[in-house]
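**Student:** File name entry.pdb; file contents PDB, C-alpha atoms; full text below.
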```
ATOM      1  CA  MET A 181     100.466  96.347 136.796
ATOM      2  CA  LEU A 182     101.109  92.670 136.027
ATOM      3  CA  GLU A 183      97.554  91.767 137.032
ATOM      4  CA  GLN A 184      96.161  94.454 134.720
ATOM      5  CA  ILE A 185      98.299  93.160 131.843
ATOM      6  CA  LEU A 186      97.117  89.584 132.348
ATOM      7  CA  VAL A 187      93.466  90.596 132.613
ATOM      8  CA  LEU A 188      93.628  92.508 129.316
ATOM      9  CA  LEU A 189      95.765  89.942 127.462
ATOM     10  CA  PRO A 190      93.002  87.691 125.979
ATOM     11  CA  GLN A 191      91.108  90.703 124.615
ATOM     12  CA  VAL A 192      94.315  92.250 123.261
ATOM     13  CA  ILE A 193      95.215  89.035 121.418
ATOM     14  CA  PHE A 194      91.727  88.691 119.923
ATOM     15  CA  ASP A 195      91.595  92.334 118.794
ATOM     16  CA  GLY A 196      95.093  91.963 117.363
ATOM     17  CA  PHE A 197      93.975  88.997 115.276
ATOM     18  CA  LEU A 198      90.974  90.960 114.051
ATOM     19  CA  LEU A 199      93.086  93.959 113.013
ATOM     20  CA  GLY A 200      95.644  91.609 111.484
ATOM     21  CA  PHE A 201      93.040  89.911 109.311
ATOM     22  CA  VAL A 202      91.983  93.320 107.940
ATOM     23  CA  TYR A 203      95.599  94.132 107.034
ATOM     24  CA  ALA A 204      96.042  90.646 105.583
ATOM     25  CA  MET A 205      93.073  90.987 103.232
ATOM     26  CA  VAL A 206      94.486  94.207 101.795
ATOM     27  CA  ALA A 207      98.011  92.729 101.663
ATOM     28  CA  LEU A 208      96.751  89.896  99.443
ATOM     29  CA  GLY A 209      95.999  92.455  96.716
ATOM     30  CA  TYR A 210      99.501  93.924  96.913
ATOM     31  CA  THR A 211     100.963  90.420  96.776
ATOM     32  CA  MET A 212      98.976  89.386  93.687
ATOM     33  CA  VAL A 213     100.128  92.369  91.617
ATOM     34  CA  TYR A 214     103.728  92.302  92.829
ATOM     35  CA  GLY A 215     103.986  88.573  92.256
ATOM     36  CA  VAL A 216     103.168  89.031  88.552
ATOM     37  CA  LEU A 217     104.616  92.438  87.621
ATOM     38  CA  GLU A 218     106.952  93.200  90.531
ATOM     39  CA  LEU A 219     104.979  96.444  90.730
ATOM     40  CA  ILE A 220     104.210  98.101  94.040
ATOM     41  CA  ASN A 221     100.659  99.223  93.316
ATOM     42  CA  PHE A 222     100.186 101.996  95.870
ATOM     43  CA  ALA A 223      96.833 102.790  94.240
ATOM     44  CA  HIS A 224      95.572  99.552  95.806
ATOM     45  CA  SER A 225      94.857 101.454  99.034
ATOM     46  CA  GLU A 226      92.346 103.573  97.092
ATOM     47  CA  ILE A 227      90.817 100.438  95.546
ATOM     48  CA  PHE A 228      90.289  99.331  99.146
ATOM     49  CA  MET A 229      88.718 102.719  99.918
ATOM     50  CA  ILE A 230      86.322 102.401  96.967
ATOM     51  CA  GLY A 231      85.126  99.063  98.318
ATOM     52  CA  ALA A 232      84.473 100.700 101.691
ATOM     53  CA  VAL A 233      82.479 103.538 100.083
ATOM     54  CA  VAL A 234      80.422 101.070  98.029
ATOM     55  CA  GLY A 235      79.659  99.103 101.201
ATOM     56  CA  VAL A 236      78.431 102.242 102.961
ATOM     57  CA  GLU A 237      76.218 103.192 100.017
ATOM     58  CA  VAL A 238      74.702  99.698  99.754
ATOM     59  CA  PHE A 239      73.820  99.731 103.439
ATOM     60  CA  ARG A 240      72.475 103.270 103.182
ATOM     61  CA  TYR A 241      70.044 102.595 100.334
ATOM     62  CA  LEU A 242      69.183  98.908 100.617
ATOM     63  CA  ALA A 243      68.994  98.358 104.376
ATOM     64  CA  PRO A 244      65.304  99.445 104.549
ATOM     65  CA  ALA A 245      64.388  97.058 101.702
ATOM     66  CA  LEU A 246      66.440  94.079 102.919
ATOM     67  CA  PRO A 247      65.641  93.217 106.527
ATOM     68  CA  ASN A 248      68.051  90.262 106.448
ATOM     69  CA  GLY A 249      71.377  91.746 107.542
ATOM     70  CA  TYR A 250      73.454  88.816 106.285
ATOM     71  CA  LEU A 251      71.916  89.012 102.815
ATOM     72  CA  LEU A 252      72.557  92.757 102.795
ATOM     73  CA  LEU A 253      76.184  92.200 103.760
ATOM     74  CA  LEU A 254      76.616  89.528 101.072
ATOM     75  CA  LEU A 255      75.251  91.943  98.459
ATOM     76  CA  ALA A 256      77.576  94.688  99.720
ATOM     77  CA  LEU A 257      80.567  92.321  99.528
ATOM     78  CA  LEU A 258      79.677  91.278  95.972
ATOM     79  CA  LEU A 259      79.136  94.842  94.736
ATOM     80  CA  GLY A 260      82.154  96.182  96.610
ATOM     81  CA  GLY A 261      84.380  93.470  95.161
ATOM     82  CA  LEU A 262      82.955  93.888  91.649
ATOM     83  CA  ILE A 263      83.257  97.688  91.509
ATOM     84  CA  ALA A 264      86.689  97.740  93.157
ATOM     85  CA  GLY A 265      87.890  94.973  90.818
ATOM     86  CA  GLY A 266      86.532  96.845  87.801
ATOM     87  CA  THR A 267      88.332  99.990  88.946
ATOM     88  CA  ALA A 268      91.567  98.018  89.288
ATOM     89  CA  ILE A 269      91.183  96.755  85.692
ATOM     90  CA  LEU A 270      90.727 100.334  84.442
ATOM     91  CA  VAL A 271      93.797 101.467  86.373
ATOM     92  CA  GLU A 272      95.874  98.691  84.830
ATOM     93  CA  ARG A 273      94.512  99.320  81.339
ATOM     94  CA  PHE A 274      94.997 103.078  81.203
ATOM     95  CA  ALA A 275      97.843 103.739  83.660
ATOM     96  CA  TYR A 276     100.169 100.732  83.836
ATOM     97  CA  ARG A 277      99.751  98.938  80.511
ATOM     98  CA  PRO A 278     100.900 101.890  78.339
ATOM     99  CA  LEU A 279     104.110 102.042  80.399
ATOM    100  CA  ARG A 280     104.621  98.303  79.974
ATOM    101  CA  LYS A 281     104.026  98.484  76.215
ATOM    102  CA  ARG A 282     106.627 101.221  75.892
ATOM    103  CA  GLY A 283     109.148  98.949  77.550
ATOM    104  CA  THR A 284     109.775 101.274  80.484
ATOM    105  CA  THR A 285     112.642  99.830  82.523
ATOM    106  CA  ASN A 286     112.899 102.539  85.158
ATOM    107  CA  ARG A 287     110.914 101.197  88.111
ATOM    108  CA  LEU A 288     110.380 104.690  89.487
ATOM    109  CA  VAL A 289     108.056 105.494  86.569
ATOM    110  CA  PRO A 290     105.270 102.985  87.434
ATOM    111  CA  LEU A 291     105.797 103.757  91.124
ATOM    112  CA  ILE A 292     105.187 107.479  90.581
ATOM    113  CA  THR A 293     102.275 106.605  88.284
ATOM    114  CA  ALA A 294     100.732 104.513  91.082
ATOM    115  CA  ILE A 295     100.999 107.431  93.499
ATOM    116  CA  GLY A 296      99.394 109.740  90.928
ATOM    117  CA  VAL A 297      96.528 107.282  90.323
ATOM    118  CA  SER A 298      96.047 107.128  94.086
ATOM    119  CA  PHE A 299      95.491 110.899  94.283
ATOM    120  CA  ILE A 300      93.167 110.820  91.267
ATOM    121  CA  LEU A 301      90.959 108.140  92.828
ATOM    122  CA  GLN A 302      90.844 109.994  96.154
ATOM    123  CA  ASP A 303      89.696 113.226  94.537
ATOM    124  CA  LEU A 304      87.294 111.443  92.193
ATOM    125  CA  VAL A 305      85.503 109.764  95.101
ATOM    126  CA  ARG A 306      85.507 113.051  97.021
ATOM    127  CA  LEU A 307      83.938 114.809  94.008
ATOM    128  CA  ILE A 308      81.254 112.144  93.520
ATOM    129  CA  GLU A 309      80.299 112.012  97.193
ATOM    130  CA  GLY A 310      80.360 115.809  97.425
ATOM    131  CA  LEU A 311      77.986 116.185  94.462
ATOM    132  CA  TRP A 312      75.782 113.262  95.544
ATOM    133  CA  HIS A 313      75.482 113.806  99.282
ATOM    134  CA  ASN A 314      77.202 117.159  99.827
ATOM    135  CA  GLU A 315      79.497 115.301 102.225
ATOM    136  CA  PHE A 316      82.346 112.839 102.035
ATOM    137  CA  PHE A 317      82.598 111.703 105.629
ATOM    138  CA  LEU A 318      80.300 108.706 105.437
ATOM    139  CA  ARG A 319      78.994 106.576 108.261
ATOM    140  CA  MET A 320      78.009 102.931 107.922
ATOM    141  CA  ARG A 321      74.350 102.264 108.668
ATOM    142  CA  THR A 322      73.890  99.820 111.517
ATOM    143  CA  VAL A 323      71.881  96.636 111.026
ATOM    144  CA  GLU A 324      70.619  94.901 114.151
ATOM    145  CA  ALA A 325      71.459  91.366 112.967
ATOM    146  CA  LEU A 326      75.140  92.320 112.600
ATOM    147  CA  GLU A 327      75.450  94.225 115.868
ATOM    148  CA  GLY A 328      75.283  91.258 118.229
ATOM    149  CA  SER A 329      78.106  90.286 120.564
ATOM    150  CA  VAL A 330      79.213  87.394 122.747
ATOM    151  CA  GLU A 331      81.483  86.948 125.730
ATOM    152  CA  LEU A 332      84.024  84.148 125.553
ATOM    153  CA  PHE A 333      86.058  82.388 128.232
ATOM    154  CA  GLY A 334      83.991  83.678 131.122
ATOM    155  CA  GLY A 335      83.948  87.267 129.899
ATOM    156  CA  ALA A 336      87.697  87.485 129.201
ATOM    157  CA  ILE A 337      86.983  88.271 125.539
ATOM    158  CA  PHE A 338      84.208  90.490 124.225
ATOM    159  CA  ALA A 339      83.600  89.732 120.543
ATOM    160  CA  GLN A 340      81.114  91.266 118.127
ATOM    161  CA  THR A 341      79.367  89.244 115.450
ATOM    162  CA  LYS A 342      81.084  91.456 112.875
ATOM    163  CA  ALA A 343      84.477  90.326 114.141
ATOM    164  CA  PHE A 344      83.719  86.677 113.415
ATOM    165  CA  ILE A 345      82.488  87.624 109.933
ATOM    166  CA  VAL A 346      85.793  89.412 109.200
ATOM    167  CA  ILE A 347      87.843  86.440 110.394
ATOM    168  CA  VAL A 348      85.806  83.847 108.452
ATOM    169  CA  VAL A 349      85.817  85.871 105.219
ATOM    170  CA  SER A 350      89.576  86.474 105.529
ATOM    171  CA  ILE A 351      90.295  82.769 105.897
ATOM    172  CA  LEU A 352      87.994  81.930 102.977
ATOM    173  CA  MET A 353      89.771  84.536 100.835
ATOM    174  CA  LEU A 354      93.171  83.046 101.655
ATOM    175  CA  VAL A 355      92.035  79.486 100.948
ATOM    176  CA  GLY A 356      90.245  80.496  97.744
ATOM    177  CA  LEU A 357      93.174  82.519  96.444
ATOM    178  CA  THR A 358      95.646  79.737  97.236
ATOM    179  CA  TYR A 359      93.436  77.228  95.387
ATOM    180  CA  LEU A 360      93.051  79.565  92.404
ATOM    181  CA  VAL A 361      96.792  80.169  92.043
ATOM    182  CA  ASN A 362      97.869  76.556  92.548
ATOM    183  CA  ARG A 363      95.008  74.457  91.173
ATOM    184  CA  THR A 364      93.407  76.260  88.218
ATOM    185  CA  LYS A 365      94.401  77.051  84.616
ATOM    186  CA  LEU A 366      94.272  80.761  85.389
ATOM    187  CA  GLY A 367      96.594  80.158  88.311
ATOM    188  CA  VAL A 368      99.052  78.307  86.078
ATOM    189  CA  ALA A 369      98.926  81.213  83.613
ATOM    190  CA  ILE A 370      99.486  83.731  86.405
ATOM    191  CA  ARG A 371     102.510  81.808  87.673
ATOM    192  CA  ALA A 372     103.867  81.453  84.144
ATOM    193  CA  VAL A 373     103.596  85.195  83.464
ATOM    194  CA  ALA A 374     105.121  85.935  86.857
ATOM    195  CA  GLN A 375     108.099  83.696  86.087
ATOM    196  CA  ASP A 376     108.780  84.867  82.524
ATOM    197  CA  LEU A 377     106.346  87.097  80.652
ATOM    198  CA  SER A 378     108.060  86.767  77.248
ATOM    199  CA  THR A 379     108.298  82.981  77.354
ATOM    200  CA  ALA A 380     104.700  82.687  78.580
ATOM    201  CA  SER A 381     103.512  84.677  75.560
ATOM    202  CA  LEU A 382     105.393  82.288  73.260
ATOM    203  CA  MET A 383     103.539  79.387  74.896
ATOM    204  CA  GLY A 384     100.156  80.781  73.859
ATOM    205  CA  ILE A 385      99.352  82.765  77.020
ATOM    206  CA  ASP A 386      98.017  86.283  76.533
ATOM    207  CA  PRO A 387      99.987  88.289  79.149
ATOM    208  CA  ASP A 388      97.689  91.314  78.942
ATOM    209  CA  ARG A 389      94.631  89.203  79.694
ATOM    210  CA  VAL A 390      96.359  87.421  82.579
ATOM    211  CA  ILE A 391      97.617  90.685  84.079
ATOM    212  CA  SER A 392      94.166  92.248  83.729
ATOM    213  CA  ARG A 393      92.591  89.295  85.540
ATOM    214  CA  THR A 394      95.258  89.503  88.213
ATOM    215  CA  PHE A 395      94.313  93.134  88.834
ATOM    216  CA  LEU A 396      90.643  92.101  88.882
ATOM    217  CA  ILE A 397      91.310  89.472  91.547
ATOM    218  CA  GLY A 398      93.549  91.736  93.624
ATOM    219  CA  GLY A 399      91.125  94.658  93.331
ATOM    220  CA  SER A 400      88.150  92.476  94.268
ATOM    221  CA  LEU A 401      89.966  91.259  97.370
ATOM    222  CA  GLY A 402      90.706  94.869  98.280
ATOM    223  CA  GLY A 403      87.069  95.847  97.720
ATOM    224  CA  VAL A 404      85.802  93.044  99.973
ATOM    225  CA  ALA A 405      88.316  94.098 102.617
ATOM    226  CA  GLY A 406      87.050  97.685 102.303
ATOM    227  CA  VAL A 407      83.428  96.639 102.892
ATOM    228  CA  LEU A 408      84.435  94.674 106.000
ATOM    229  CA  PHE A 409      86.567  97.592 107.217
ATOM    230  CA  ALA A 410      83.561  99.917 106.904
ATOM    231  CA  LEU A 411      81.424  97.363 108.717
ATOM    232  CA  MET A 412      83.893  97.167 111.619
ATOM    233  CA  TYR A 413      84.998 100.787 111.958
ATOM    234  CA  THR A 414      81.813 102.475 110.615
ATOM    235  CA  THR A 415      83.345 105.793 109.423
ATOM    236  CA  VAL A 416      84.664 106.152 105.862
ATOM    237  CA  ASN A 417      86.113 109.013 103.817
ATOM    238  CA  PRO A 418      88.127 109.290 100.555
ATOM    239  CA  TYR A 419      91.399 109.153 102.494
ATOM    240  CA  VAL A 420      90.565 106.167 104.691
ATOM    241  CA  GLY A 421      92.642 103.791 102.588
ATOM    242  CA  PHE A 422      95.995 105.529 103.071
ATOM    243  CA  LEU A 423      97.078 104.278 106.500
ATOM    244  CA  PRO A 424      95.634 100.730 106.207
ATOM    245  CA  GLY A 425      97.211 100.558 102.743
ATOM    246  CA  ILE A 426     100.670 101.483 104.027
ATOM    247  CA  LYS A 427     100.368  98.976 106.857
ATOM    248  CA  ALA A 428      99.059  96.258 104.542
ATOM    249  CA  PHE A 429     102.007  96.837 102.220
ATOM    250  CA  THR A 430     104.313  96.568 105.231
ATOM    251  CA  ALA A 431     102.552  93.329 106.179
ATOM    252  CA  ALA A 432     103.092  91.973 102.655
ATOM    253  CA  VAL A 433     106.804  92.813 102.831
ATOM    254  CA  LEU A 434     107.076  91.375 106.333
ATOM    255  CA  GLY A 435     105.504  88.071 105.291
ATOM    256  CA  GLY A 436     107.476  87.913 102.034
ATOM    257  CA  ILE A 437     105.994  89.994  99.223
ATOM    258  CA  GLY A 438     104.695  87.803  96.425
ATOM    259  CA  ASN A 439     103.936  85.019  98.912
ATOM    260  CA  ILE A 440     100.213  84.540  99.571
ATOM    261  CA  PRO A 441     100.425  82.779 102.980
ATOM    262  CA  GLY A 442     103.180  85.269 103.842
ATOM    263  CA  ALA A 443     100.784  88.189 103.272
ATOM    264  CA  MET A 444      98.325  86.643 105.722
ATOM    265  CA  LEU A 445     101.033  85.908 108.289
ATOM    266  CA  GLY A 446     102.525  89.375 107.932
ATOM    267  CA  GLY A 447      99.120  90.991 108.500
ATOM    268  CA  LEU A 448      98.515  88.933 111.635
ATOM    269  CA  VAL A 449     101.968  89.730 113.045
ATOM    270  CA  LEU A 450     101.580  93.442 112.354
ATOM    271  CA  GLY A 451      98.072  93.484 113.847
ATOM    272  CA  GLN A 452      99.311  91.812 117.024
ATOM    273  CA  LEU A 453     102.278  94.174 117.371
ATOM    274  CA  GLU A 454     100.153  97.259 116.833
ATOM    275  CA  ASN A 455      97.401  96.220 119.197
ATOM    276  CA  PHE A 456      99.804  94.938 121.866
ATOM    277  CA  PHE A 457     101.788  98.167 122.041
ATOM    278  CA  GLY A 458      98.707 100.346 121.607
ATOM    279  CA  THR A 459      97.214  98.770 124.723
ATOM    280  CA  TYR A 460     100.248  98.184 126.935
ATOM    281  CA  LEU A 461     102.588 101.068 126.109
ATOM    282  CA  PRO A 462     100.654 103.611 128.240
ATOM    283  CA  ILE A 463     100.511 101.080 131.104
ATOM    284  CA  LEU A 464     104.197 100.122 130.941
ATOM    285  CA  THR A 465     105.403 103.733 130.688
ATOM    286  CA  ASN A 466     103.070 105.120 133.347
ATOM    287  CA  GLY A 467     101.300 107.245 130.755
ATOM    288  CA  ASN A 468     104.463 108.906 129.417
ATOM    289  CA  PHE A 469     103.931 107.285 126.024
ATOM    290  CA  GLY A 470     100.392 107.060 124.725
ATOM    291  CA  THR A 471      98.646 104.843 122.218
ATOM    292  CA  GLU A 472      99.800 107.081 119.352
ATOM    293  CA  TYR A 473     103.310 105.625 119.676
ATOM    294  CA  LYS A 474     102.156 102.106 118.858
ATOM    295  CA  ASP A 475     103.053 102.460 115.185
ATOM    296  CA  VAL A 476     106.567 103.667 116.004
ATOM    297  CA  VAL A 477     107.364 100.686 118.219
ATOM    298  CA  ALA A 478     105.699  98.165 115.908
ATOM    299  CA  PHE A 479     107.558  99.453 112.847
ATOM    300  CA  LEU A 480     110.878  99.510 114.689
ATOM    301  CA  ILE A 481     110.409  95.815 115.442
ATOM    302  CA  LEU A 482     109.451  95.172 111.826
ATOM    303  CA  ILE A 483     112.592  96.966 110.623
ATOM    304  CA  PHE A 484     114.650  94.768 112.917
ATOM    305  CA  ILE A 485     112.987  91.623 111.577
ATOM    306  CA  LEU A 486     113.626  92.688 107.987
ATOM    307  CA  LEU A 487     117.247  93.501 108.785
ATOM    308  CA  VAL A 488     117.660  89.977 110.112
ATOM    309  CA  ARG A 489     115.546  88.341 107.379
ATOM    310  CA  PRO A 490     115.131  90.778 104.451
ATOM    311  CA  GLN A 491     113.154  88.302 102.314
ATOM    312  CA  GLY A 492     110.353  88.280 104.910
ATOM    313  CA  LEU A 493     109.076  85.595 107.216
ATOM    314  CA  LEU A 494     107.970  83.170 104.495
ATOM    315  CA  GLY A 495     109.838  84.636 101.530
ATOM    316  CA  GLN A 496     112.637  82.801  99.768
ATOM    317  CA  VAL A 497     115.902  84.118  98.408
ATOM    318  CA  VAL A 498     115.676  83.727  94.647
ATOM    319  CA  LYS A 499     119.002  83.138  92.928
ATOM    320  CA  GLU A 500     119.193  84.475  89.404
ATOM    321  CA  LYS A 501     120.481  81.924  86.899
ATOM    322  CA  VAL A 502     123.040  83.039  84.334
TER
END
```
Mind turning the file's structure into structure tokens?
**Tutor:**
Amino acid sequence: MLEQILVLLPQVIFDGFLLGFVYAMVALGYTMVYGVLELINFAHSEIFMIGAVVGVEVFRYLAPALPNGYLLLLLALLLGGLIAGGTAILVERFAYRPLRKRGTTNRLVPLITAIGVSFILQDLVRLIEGLWHNEFFLRMRTVEALEGSVELFGGAIFAQTKAFIVIVVSILMLVGLTYLVNRTKLGVAIRAVAQDLSTASLMGIDPDRVISRTFLIGGSLGGVAGVLFALMYTTVNPYVGFLPGIKAFTAAVLGGIGNIPGAMLGGLVLGQLENFFGTYLPILTNGNFGTEYKDVVAFLILIFILLVRPQGLLGQVVKEKV
């Protein structure tokens, strides 16, 4: 048993990192919105799903005309991010902003609204795909240039080209988002609105514009993550965003919601836990517990971590000044 565990360990760690980067990309969108509005935007999982659907459609229709797989993927990422970001702006404009303008203080109201928007987007995509293709279980078209693979460390790790693309894009997204928030005028405005919306408006900042751009950025990140998810896992449907969305939200909370590096760290930790237990639980229990229990064990550990450190791994306890 020990020999089997050691043989599988390098591959398990690599696959855990890959899954973790997917969760982290989605978690960044949750973190952006929560950091500004303290709103848990559960509709973000459907924004992610829209990006995945756009990626599938781009590959379906443009793959014959674009023989260069990398150019095709770049176009899919741009369109997926743009359409998902645009959808996020519409959600903010017509679902969340009216509640904010009315001065709603009950936090359950925007939370329930987010859940309702989530169902609307699911059924809207299902309707469009049903009318367009008479199906809504979509499969990503394969492109030869993106289907390569390599063996690392003497065959201990089998890695697809797509896996390296996911990892590189995730790191670039983290670096780019960190730079935007900390080094640009928009980032200063976002941090000002996040700290005190009323005071920021008195300083000449338009909160509505900043919040709209925040949703655009978060939605675009979710759309890019959706395209990469479709590339990796190939099958997409209108409900594909639910489980990754829940896990990405958990990753954001684990890392310290509102903290950008924390979202990335939380995604990587969750991906490792899930993949580790999904692989080793059947081996360690002699088949009595299968892979389906991986989420139970991983979430139990996460609950324990949050009981010990409720602010998350990189979160800080914020003391309210009187």
**Student:** Restricting the calculation to all atoms listed in the file: of A:Ile269, A:Ile292, A:Ile391, A:Leu188, which residue gets closest to A:Ile370?
**Tutor:**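 When distances to A:Ile370 are compared using all atoms listed in the file, the smallest one comes from A:Ile391.
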**Student:** So that I can see what lies close to A:Thr267, please list as a compact mmCIF listing (two decimals) with C-alpha atoms, in the coordinates of the input the residues with an atom at most 9 Å from it, counting all atoms listed in the file and leaving out residues fewer than 2 positions away in the same chain.
**Tutor:**
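New file out-v5.txt:
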```txt
# COMPACT_ATOMS: atom_id res chain seq x y z
CA ILE A 227 90.82 100.44 95.55
CA ILE A 230 86.32 102.40 96.97
CA LEU A 262 82.96 93.89 91.65
CA ILE A 263 83.26 97.69 91.51
CA ALA A 264 86.69 97.74 93.16
CA GLY A 265 87.89 94.97 90.82
CA ILE A 269 91.18 96.76 85.69
CA LEU A 270 90.73 100.33 84.44
CA VAL A 271 93.80 101.47 86.37
CA GLU A 272 95.87 98.69 84.83
CA LEU A 396 90.64 92.10 88.88
CA GLY A 399 91.12 94.66 93.33
```
**Student:** Calculated over all atoms listed in the file, which of the candidates A:Tyr359, A:Tyr276, A:Tyr460, A:Tyr419 has the smallest distance to A:Val187?
**Tutor:**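 Closest residue, counting all atoms listed in the file: A:Tyr460.
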**Student:** To test the calculation: enclose all listed atoms of stretch 227-230 of chain A in a box whose edges run along x, y and z, add 3 Å on each side, then state centre and edge lengths in Å to one decimal, as AutoDock Vina command-line options.
**Tutor:**
```
--center_x 88.6 --center_y 101.0 --center_z 97.7 --size_x 10.5 --size_y 9.4 --size_z 10.4
```
**Student:** Check what the PyMOL selection byres ((chain A and resi 465-476) around 12) selects in the file above and give those residues as number ranges by chain.
**Tutor:** A: 181, 423-424, 426-427, 430, 450-464, 477-483
**Student:** Name the closest residue to A:Arg277 among the candidates A:Gly398, A:Gly492, A:Pro290, A:Gly249; distances are taken between atoms, counting all atoms listed in the file.
**Tutor:**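 Closest to A:Arg277, using all atoms listed in the file: A:Pro290.
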**Student:** Quick one: residues within 8 Å of A:Val346, all atoms listed in the file counted, chain neighbours fewer than 3 positions away excluded, as a ChimeraX atom specification?
**Tutor:** /A:198,201-202,342-343,349-350,408
**Student:** For those residues, write C-alpha atoms to a file as a compact mmCIF listing (two decimals), in the coordinates of the input.
**Tutor:**
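Ended up saving to selection.txt:
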```txt
# COMPACT_ATOMS: atom_id res chain seq x y z
CA LEU A 198 90.97 90.96 114.05
CA PHE A 201 93.04 89.91 109.31
CA VAL A 202 91.98 93.32 107.94
CA LYS A 342 81.08 91.46 112.88
CA ALA A 343 84.48 90.33 114.14
CA VAL A 349 85.82 85.87 105.22
CA SER A 350 89.58 86.47 105.53
CA LEU A 408 84.44 94.67 106.00
```
**Student:** Using only C-alpha atoms, determine which residues lie at most 8 Å from A:Leu445, disregarding the query and same-chain residues fewer than 4 positions distant; provide the list as a ChimeraX atom specification.
**Tutor:** /A:204,431,435,441,449
**Student:** Please dump the current selection as a compact mmCIF listing (two decimals), keeping the file's coordinate frame; keep C-alpha atoms.
**Tutor:**
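See again.txt below for the written result:
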```txt
# COMPACT_ATOMS: atom_id res chain seq x y z
CA ALA A 204 96.04 90.65 105.58
CA ALA A 431 102.55 93.33 106.18
CA GLY A 435 105.50 88.07 105.29
CA PRO A 441 100.42 82.78 102.98
CA VAL A 449 101.97 89.73 113.04
```
**Student:** For A:Phe317, find every residue with an atom within 10 Å (counting all atoms listed in the file), except residues of its own chain fewer than 4 positions away, and show them as a list in words.
**Tutor:**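 Contacts, with the query itself left out: Val233, Arg306, Glu309, Gly310, His313, Thr415, Val416, Asn417, Pro418, Tyr419 and Val420 of chain A.
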**Student:** Specify as a ChimeraX atom specification each residue included when the PyMOL selection byres ((chain A and resi 237) around 10) is applied to this file.
**Tutor:** /A:231-236,238-243,256,260,318-321
**Student:** Could you tell me, as a list in words, exactly which residues end up selected when the PyMOL selection byres ((chain A and resi 325-331) around 10) is applied to this structure?
**Tutor:**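 Taken over the shown coordinates, the PyMOL selection byres ((chain A and resi 325-331) around 10) returns Pro247, Asn248, Gly249, Tyr250, Leu253, Thr322, Val323, Glu324, Leu332, Phe333, Gly334, Gly335, Ala336, Ile337, Phe338, Ala339, Gln340, Thr341, Lys342, Ala343, Phe344, Ile345, Leu411 and Met412 of chain A.
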**Student:** Please measure the separation of atom CA of A:Tyr413 and atom CA of A:Pro190, giving the value in Å to one decimal.
**Tutor:** 20.8 Å
**Student:** Between A:Phe228, A:Met383, A:Ala372, A:Asp388, which has the minimum distance to A:Tyr203 (counting only C-alpha atoms)?
**Tutor:**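 Of A:Phe228, A:Met383, A:Ala372, A:Asp388, the one nearest A:Tyr203 is A:Phe228, counting only C-alpha atoms.
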**Student:** How far is it from atom CA of A:Ile437 to atom CA of A:Thr211, in Å with one decimal?
**Tutor:**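 Distance reported for this atom pair: 5.6 Å.
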**Student:** Report, in Å with one decimal, the straight-line distance from atom CA of A:Asn314 to atom CA of A:Pro244.
**Tutor:**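 Straight-line distance from atom CA of A:Asn314 to atom CA of A:Pro244 works out to 21.9 Å.
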**Student:** Taking 3 positions as the minimum chain separation for residues in the same chain, which residues sit within 6 Å of A:Val206 when counting all atoms listed in the file? Answer as a PyMOL selection string.
**Tutor:** chain A and resi 203+209+402+428
